[in-house]
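J.: What follows is a single structure, and I will ask about it in a moment.
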Amino acid sequence: MGKRVDMETKKTSLYKLHQDCNAKFVEFAGYQMPIQYSDGIVEEHKFTRTHSGIFDVSHMGQLFIYGKEDLIKDLEKIFPLDLKNLKLHHSKYSFLMNSDAGIHDDLIITKIEDGFLIILNAACKQNDFKILKKLLNDRYKMVLDDKRSLIAIQGPKSADILNDAVEGVKDLNFMTGKWFVLNEQKIYVTRSGYTGEDGFEVSVSNELADKFTRKLIKNGAKLIGLGARDTLRLEAGLCLYGHELDKDKTPVEANLRWAISKERILKGDFIGSDIIIKQLNDGVSKVRVGIKPEGRIIAREKTKIFNQSDLYIGEITSGTFGPSVNGPVAMGYVENEFSKKDTKVFLEVRGKKHPANVCGLPFYKKSYVKGANQWVK
């Protein structure tokens with residue numbers, strides 16, 4: 001078990017379960033969170049890829065915004081999404097941006113009856129709430145619900161394991177959701193995730209969360225910590241806020257233009273749209289790429305990237321050992337002229353420069369359920 005917890009540090013409703021399963025804890029975004037269990041990060045990673053892993057992501061924000069027609073119009077002024085054509089219980093990946101198109105947060109927005117459910121990053125959720133409240137002029141009912149836990153179940157066996165507990169979830173398509181009833185309480189399940197695997201995210205009341213998760217474990221899934229969550233998402237080429245994304249980076253620079261609605265670009269009436277349109281037309285000076293070091297060297301965040309002429313051209317934002325690819329993987333930003341696939345670069349680790357190559361993303365790819373080809377957080 002981890003060290004004694006500061007009174008200020010929050011705990012999720014699964015804290016006791018994490019203790020029972022011998023979690024090693026770290027503080028993350030103000031919460032006491034499991035980084036790994038006794039099997040260790042590599043084994044947890046492999047188990048998720050081959051079987052089914054459970055992730056406690058209850059520290060993330062579940063923001064419910066309720067309203068009718070005007071709400072869609074007002075949210076379209078904020079998010080670069082075609083929300084008026086988003087079907088009920090369908091989800092989209094998007095961003096909350098500032099006027100310079102810098103990213104306050106990346107998020108998943110789902111259309112539900114009478115409004116939207118937005119999943120926010122843990123470290124950003126309070127600030128996001130304030131920003132959205134101000135932008136929407138307090139016109140709508142907004143609930144950042146801390147009475148609900150969020151539990152992700154990821155991996156090839158997840159559909160069968162979860163369906164045994166919540167009948168009907170295996171019929172969900174990628175990036176769609178639905179309300180289900182569990183122990184006479186409503187739970188919301190979406191088919192989505194952050195690992196590069198088929199999986200689900202379940203919004204469940206805090207009082208049901210422990211019992212529900214123990215049933216998934218009994219059915220054959222295992223608890224997985226934040227350590228393996230990071231190696232899984234990095235292999236899948238997915239961004240982590242505070243690393244690949246922040247207020248100094250735009251969605252175009254982050255190579256996420258696919259997430260911006262073409263129709264909205266034509267209208268250009270959302271926050272940051274002037275910058276986005278200019279960058280789409282004129283290009284950007286830096287861009288996010290995948291980087292594969294040669295050999296076994298691990299290039300961590302802030303590692304400097306150089307070209308073949310020994311000129312500084314960028315920086316690593318995330319790097320680790322990828323258990324599924326059996327080698328080091330990294331992402332970072334480089335000057336655009338060096339962003340082509342197979343460009344030779346050098347990474348400065350402990351004062352020495354090591355060869356690497358710019359590569360396509362993801363590092364590890366599976367064919368997903370129902371033809372889905374882009375697994376996002």
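In the structure tokens, each chain is lettered A, B, ... as it comes, each chain's residues begin at 1, and ligands are numbered from 1 in order of appearance.
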Tell me which protein, DNA and RNA residues are within 8 Å of Thr12 (chain A), counting only C-alpha atoms, leaving out same-chain ones fewer than 4 positions away, and put them as a VMD selection string.
T.: chain A and resid 31 to 33 58 to 59 149
J.: Just N, CA and C atoms for this one: save the residues we selected as a PDB file, in the first residue's frame.
T.:
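The resulting file, part01.pdb, is shown below:
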ATOM      1  N   TYR A  31      -6.006  13.677  -6.420  1.00  0.00           N
ATOM      2  CA  TYR A  31      -6.601  12.409  -5.985  1.00  0.00           C
ATOM      3  C   TYR A  31      -5.520  11.387  -5.657  1.00  0.00           C
ATOM      4  N   GLN A  32      -5.823  10.499  -4.737  1.00  0.00           N
ATOM      5  CA  GLN A  32      -4.956   9.376  -4.444  1.00  0.00           C
ATOM      6  C   GLN A  32      -5.331   8.271  -5.426  1.00  0.00           C
ATOM      7  N   MET A  33      -4.441   7.973  -6.373  1.00  0.00           N
ATOM      8  CA  MET A  33      -4.773   7.059  -7.467  1.00  0.00           C
ATOM      9  C   MET A  33      -3.796   5.885  -7.534  1.00  0.00           C
ATOM     10  N   SER A  58     -12.464   7.749 -12.075  1.00  0.00           N
ATOM     11  CA  SER A  58     -13.476   8.553 -11.384  1.00  0.00           C
ATOM     12  C   SER A  58     -12.996   9.956 -11.052  1.00  0.00           C
ATOM     13  N   HIS A  59     -11.669  10.181 -11.168  1.00  0.00           N
ATOM     14  CA  HIS A  59     -11.141  11.530 -10.919  1.00  0.00           C
ATOM     15  C   HIS A  59     -11.489  12.476 -12.065  1.00  0.00           C
ATOM     16  N   SER A 149     -19.159   7.766 -10.208  1.00  0.00           N
ATOM     17  CA  SER A 149     -17.821   7.261 -10.521  1.00  0.00           C
ATOM     18  C   SER A 149     -17.753   6.971 -12.018  1.00  0.00           C
TER      19      SER A 149
END
J.: Report as a list in words all protein, DNA and RNA residues lying within 6 Å of region 183-190 of chain A, evaluated on only C-alpha atoms, omitting residues in the same chain fewer than 4 positions from it.
T.: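 Using only C-alpha atoms, the neighbours found are Thr176, Gly177, Lys178, Trp179, Phe200, Glu201, Val202, Ser203 and Val204 of chain A.
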J.: Going by DSSP on the backbone, which residues of region 50-297 of chain A come out as alpha helix (DSSP H)? List them as JSON, numbers by chain.
T.: {"A": [50, 69, 70, 71, 72, 73, 74, 75, 76, 125, 126, 127, 128, 129, 130, 131, 132, 133, 134, 135, 158, 159, 160, 161, 162, 163, 164, 165, 206, 207, 208, 209, 210, 211, 212, 213, 214, 215, 216, 217, 218, 226, 227, 228, 229, 230, 231, 232, 233, 234, 235, 262, 263, 264, 265, 266, 267, 273, 274, 275, 276, 277, 278, 279, 280, 281, 282]}
J.: Restricted to C-alpha atoms, what would the selected residues look like written as a tab-separated table (two decimals), in the first residue's frame?
T.:
chain	number	residue	atom	x	y	z
A	50	THR	CA	-5.01	-9.81	-24.42
A	69	GLU	CA	-32.35	24.19	-29.17
A	70	ASP	CA	-30.42	27.26	-27.98
A	71	LEU	CA	-27.94	25.05	-26.12
A	72	ILE	CA	-26.78	23.43	-29.37
A	73	LYS	CA	-26.27	26.85	-31.00
A	74	ASP	CA	-24.40	28.16	-27.97
A	75	LEU	CA	-22.16	25.09	-27.68
A	76	GLU	CA	-21.34	25.28	-31.41
A	125	LYS	CA	-12.32	19.97	-14.82
A	126	GLN	CA	-12.82	22.83	-12.32
A	127	ASN	CA	-11.32	25.41	-14.67
A	128	ASP	CA	-13.30	23.99	-17.63
A	129	PHE	CA	-16.49	24.30	-15.60
A	130	LYS	CA	-15.78	27.98	-14.84
A	131	ILE	CA	-14.90	28.75	-18.47
A	132	LEU	CA	-18.03	27.04	-19.84
A	133	LYS	CA	-20.30	28.63	-17.20
A	134	LYS	CA	-19.01	32.06	-18.21
A	135	LEU	CA	-19.22	31.38	-21.97
A	158	SER	CA	-14.39	-6.63	-22.12
A	159	ALA	CA	-17.63	-6.84	-24.12
A	160	ASP	CA	-18.41	-10.34	-22.80
A	161	ILE	CA	-17.34	-9.57	-19.22
A	162	LEU	CA	-19.33	-6.32	-19.02
A	163	ASN	CA	-22.35	-7.79	-20.83
A	164	ASP	CA	-22.57	-10.46	-18.15
A	165	ALA	CA	-23.01	-7.67	-15.58
A	206	ASN	CA	-20.56	6.15	-6.09
A	207	GLU	CA	-22.49	3.76	-3.83
A	208	LEU	CA	-22.76	1.13	-6.60
A	209	ALA	CA	-19.21	1.49	-7.94
A	210	ASP	CA	-17.40	-0.90	-5.56
A	211	LYS	CA	-19.90	-3.76	-5.87
A	212	PHE	CA	-20.10	-3.32	-9.66
A	213	THR	CA	-16.30	-3.38	-10.07
A	214	ARG	CA	-15.89	-6.43	-7.83
A	215	LYS	CA	-18.37	-8.26	-10.09
A	216	LEU	CA	-16.24	-7.40	-13.17
A	217	ILE	CA	-13.17	-8.76	-11.34
A	218	LYS	CA	-15.10	-11.93	-10.44
A	226	LEU	CA	-2.37	4.67	-14.24
A	227	GLY	CA	1.10	3.43	-15.23
A	228	ALA	CA	-0.22	0.91	-17.75
A	229	ARG	CA	-2.94	3.34	-18.82
A	230	ASP	CA	-0.14	5.66	-19.94
A	231	THR	CA	1.86	2.99	-21.82
A	232	LEU	CA	-1.32	1.74	-23.54
A	233	ARG	CA	-2.43	5.20	-24.71
A	234	LEU	CA	1.07	6.06	-25.90
A	235	GLU	CA	1.31	2.90	-28.01
A	262	LYS	CA	-15.46	20.40	-42.01
A	263	GLU	CA	-18.81	22.17	-41.97
A	264	ARG	CA	-17.75	24.27	-38.99
A	265	ILE	CA	-14.47	25.23	-40.70
A	266	LEU	CA	-16.46	26.57	-43.65
A	267	LYS	CA	-18.58	28.74	-41.31
A	273	SER	CA	-11.67	29.50	-35.62
A	274	ASP	CA	-9.64	32.35	-37.20
A	275	ILE	CA	-6.36	30.74	-36.10
A	276	ILE	CA	-7.51	27.21	-37.03
A	277	ILE	CA	-8.53	28.30	-40.55
A	278	LYS	CA	-5.29	30.24	-41.04
A	279	GLN	CA	-3.21	27.22	-39.94
A	280	LEU	CA	-5.18	24.84	-42.17
A	281	ASN	CA	-4.56	27.14	-45.15
A	282	ASP	CA	-0.98	28.26	-44.44
J.: Identify which of the residues A:Met60, A:Ile305, A:Val252, A:Ala299 lies closest to Gly283 (chain A), counting only C-alpha atoms when measuring atom-to-atom distances.
T.: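 Closest to Gly283 (chain A) of all the choices is A:Val252.
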J.: Could you pull out the strand (DSSP E) residues of region 63-266 of chain A from DSSP and send them as a PyMOL selection string?
T.: chain A and resi 63-66+91-97+103-112+115-120+141-144+148-154+177-182+185-190+199-205+222-223
J.: With only C-alpha atoms as the atoms that count, which of A:Val289, A:Ile35, A:Ile224, A:Leu107 lies nearest to Pro362 (chain A)?
T.: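 Closest residue, counting only C-alpha atoms: A:Val289.
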J.: Given only C-alpha atoms as the basis, pick out the residue of A:Pro293, A:Pro323, A:Gly314, A:Gly61 nearest to Ala236 (chain A).
T.: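 Among A:Pro293, A:Pro323, A:Gly314, A:Gly61, it is A:Pro323 that comes nearest to Ala236 (chain A).
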J.: Do a neighbour search on Ile109 (chain A) at 6 Å with only C-alpha atoms, toss out local chain neighbours closer than 2 positions, and write the hits as number ranges by chain.
T.: A: 91-92, 117-118
J.: Could those selected residues go to a file with C-alpha atoms, as an mmCIF file, in the first residue's frame?
T.:
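Resulting contents of out34.cif:
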data_model
loop_
_atom_site.group_PDB
_atom_site.id
_atom_site.type_symbol
_atom_site.label_atom_id
_atom_site.label_comp_id
_atom_site.auth_asym_id
_atom_site.auth_seq_id
_atom_site.Cartn_x
_atom_site.Cartn_y
_atom_site.Cartn_z
ATOM 1 C CA SER A 91 -20.135 10.786 -28.855
ATOM 2 C CA LYS A 92 -17.433 12.967 -30.427
ATOM 3 C CA LEU A 117 -22.591 14.824 -21.133
ATOM 4 C CA ILE A 118 -18.998 16.058 -21.392
#
